[in-house]
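> Got a structure for you, written out below as structure tokens; questions coming shortly.
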Amino acid sequence: MTDARSEGIRLQKVLAQAGIASRRAAEIMIDEGRVEVNGHLVTEQGRRVDPERDVIRIDGSRLPPPRRHVYAMMNKPRGIVCTMDDPEGRRTITDFLGRYARERVYHVGRLDTDTEGMLLLTNDGDFAQAMTHPSYELTKTYVAEVEGFLDNATLKRLTKGVKLDDGWVNPDRVKLGPRTDTRTMVTIVLHEGRNRIVRRLFDAVGHPVRTLARVQMGPVKMGQLRSGEVRDLTREELGSLLDAAGL
């Protein structure tokens with residue numbers, strides 16, 4: 001990390017450039033003890049920082065470094081192939097990128113063709129690797145509609161973990177939604193991304209998936225983003241993902 005006392009940019013200027021507040025308002029935030037740099041509370045004005053390397057927090061929330069890359073979120077429609085190009089001529093996520101296509105973004109991880117929902121897009125290789133690396137265990141939240149009435153005994157089995165042909169699956173959380181004799185809505189949180197893991201998990205307990213959507217990755221929710229739409233991650237979303245991945 002930088003020796004912030006001798007080089008870099010004044011902290012209040014960094015906050016102003018990031019759109020947090022005016023320089024004067026940023027100075028007040030520092031006086032109020034609301035700003036940290038590299039885990040230490042900043043109490044003096046004029047502190048210099050390297051916004052590319054130093055970890056800056058306001059009220060505990062991470063301020064990402066200035067953007068040199070694109071960080072976006074897409075709501076992938078069902079039936080769309082999760083690739084940038086398909087030799088068979090099927091529709092891919094490239095068909096929905098719009099202006100992002102010029103930025104040479106690519107998808108972080110994958111979603112099955114029949115699965116819809118949240119997909120991260122970037123042209124930052126380090127960020128993409130961190131988001132998908134097993135050691136960071138970034139959780140993924142799915143909402144599934146499965147066949148049949150999923151009873152409490154099966155819920156308990158899912159919660160304890162299920163052994164598949166390639167090893168155990170241990171969900172972080174499983175929550176039942178509305179149930180009828182023919183269908184059950186389930187929210188499931190996993191910290192792994194093996195191929196078709198959610199579908200294989202419910203197949204194993206006798207409740208095949210009808211529809212499946214990923215609605216959250218780590219601390220970031222997809223929210224009301226419409227199917228096929230793409231938007232930039234907010235400053236708060238990017239900061240929370242950087243924290244979740246240990247960057």
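Residues in the structure tokens are numbered from 1 in each chain, the chains being A, B, ... in the order shown, and ligands are numbered from 1 in the order shown.
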Which residues, written as a PyMOL selection string, have at least one atom at most 10 Å from range 29-34 of chain A, with only C-alpha atoms counted and residues fewer than 6 positions away on the same chain left out?
chain A and resi 11-12+15+21+23+41-47+57-60
> Could you write out, as a list in words, all the residues of range 185-237 of chain A that DSSP marks as strand (DSSP E or B)?
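Strand (DSSP E or B) assignments inside range 185-237 of chain A correspond to Met185, Val186, Thr187, Ile188, Val189, Leu190, Val209, Arg210, Thr211, Leu212, Ala213, Arg214, Val215, Gln216, Met217, Val220, Lys221, Val230, Arg231 and Asp232 of chain A.
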> Once you have the residues from the selection above, write them out as a CSV table (one decimal), in the first residue's frame, restricted to C-alpha atoms.

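Okay, this is what ended up in part04.csv:
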chain,number,residue,atom,x,y,z
A,185,MET,CA,-41.2,-22.8,-5.0
A,186,VAL,CA,-37.8,-23.1,-3.4
A,187,THR,CA,-35.1,-20.5,-2.7
A,188,ILE,CA,-31.6,-22.1,-2.4
A,189,VAL,CA,-28.2,-20.6,-1.7
A,190,LEU,CA,-25.0,-22.4,-2.8
A,209,VAL,CA,-36.8,-28.4,-11.8
A,210,ARG,CA,-39.4,-26.8,-14.0
A,211,THR,CA,-37.9,-23.3,-14.0
A,212,LEU,CA,-34.8,-21.8,-12.5
A,213,ALA,CA,-33.5,-18.3,-12.0
A,214,ARG,CA,-30.4,-16.9,-10.3
A,215,VAL,CA,-31.4,-13.8,-8.4
A,216,GLN,CA,-28.3,-13.0,-6.3
A,217,MET,CA,-24.5,-13.4,-6.3
A,220,VAL,CA,-25.6,-8.3,-4.8
A,221,LYS,CA,-29.2,-8.8,-5.8
A,230,VAL,CA,-27.9,-5.0,-18.9
A,231,ARG,CA,-26.8,-2.3,-16.6
A,232,ASP,CA,-23.6,-1.1,-14.8
> Any idea what's packed within 12 Å of Trp168 in chain A, counting only C-alpha atoms, ignoring anything in its chain fewer than 4 positions away? Could you give it as JSON, numbers by chain?
{"A": [158, 159, 160, 161, 162, 163, 164, 192, 194, 197, 200, 201, 204]}
> What parts of range 8-246 of chain A does DSSP call helix (DSSP H, G or I)? I'd like the answer as an MDAnalysis selection string.
chainID A and resid 11:17 23:31 93:96 98:103 125:132 134:136 152:160 197:204 235:244
> Give me the residues within 12 Å of Met118 in chain A as a ChimeraX atom specification, counting only C-alpha atoms and dropping any in the same chain fewer than 5 places off.
/A:72-78,82,107-112,140-143,212-218,220-231,233
> With C-alpha atoms retained, could you export that selection as a short mmCIF file (atom, residue, chain, number, x, y, z; two decimals), in the first residue's frame?

data_model
loop_
_atom_site.label_atom_id
_atom_site.label_comp_id
_atom_site.auth_asym_id
_atom_site.auth_seq_id
_atom_site.Cartn_x
_atom_site.Cartn_y
_atom_site.Cartn_z
CA ALA A 72 -22.13 -4.91 -15.41
CA MET A 73 -25.07 -7.15 -14.64
CA MET A 74 -27.38 -8.89 -17.08
CA ASN A 75 -30.69 -10.67 -16.59
CA LYS A 76 -30.11 -13.56 -18.97
CA PRO A 77 -33.34 -14.75 -20.58
CA ARG A 78 -34.29 -18.39 -20.53
CA CYS A 82 -24.50 -18.47 -22.26
CA HIS A 107 -19.57 -13.37 -18.91
CA VAL A 108 -18.33 -14.30 -15.44
CA GLY A 109 -19.18 -17.95 -14.94
CA ARG A 110 -22.11 -19.51 -16.76
CA LEU A 111 -25.82 -20.19 -16.60
CA ASP A 112 -27.45 -23.15 -18.31
CA LYS A 140 -25.26 -17.77 -5.48
CA THR A 141 -28.98 -17.58 -4.75
CA TYR A 142 -31.53 -19.31 -6.98
CA VAL A 143 -35.30 -19.46 -7.06
CA LEU A 212 -34.78 -21.84 -12.46
CA ALA A 213 -33.53 -18.28 -11.98
CA ARG A 214 -30.41 -16.93 -10.31
CA VAL A 215 -31.40 -13.82 -8.37
CA GLN A 216 -28.30 -12.95 -6.33
CA MET A 217 -24.52 -13.37 -6.34
CA GLY A 218 -22.72 -12.77 -3.07
CA VAL A 220 -25.57 -8.25 -4.79
CA LYS A 221 -29.19 -8.78 -5.82
CA MET A 222 -30.52 -8.59 -9.37
CA GLY A 223 -33.60 -6.68 -8.23
CA GLN A 224 -36.04 -5.47 -10.86
CA LEU A 225 -33.76 -5.75 -13.89
CA ARG A 226 -35.95 -6.93 -16.77
CA SER A 227 -35.21 -10.02 -18.82
CA GLY A 228 -32.53 -9.28 -21.42
CA GLU A 229 -31.50 -5.96 -19.87
CA VAL A 230 -27.95 -5.01 -18.92
CA ARG A 231 -26.80 -2.27 -16.55
CA LEU A 233 -23.01 -2.28 -11.30
#
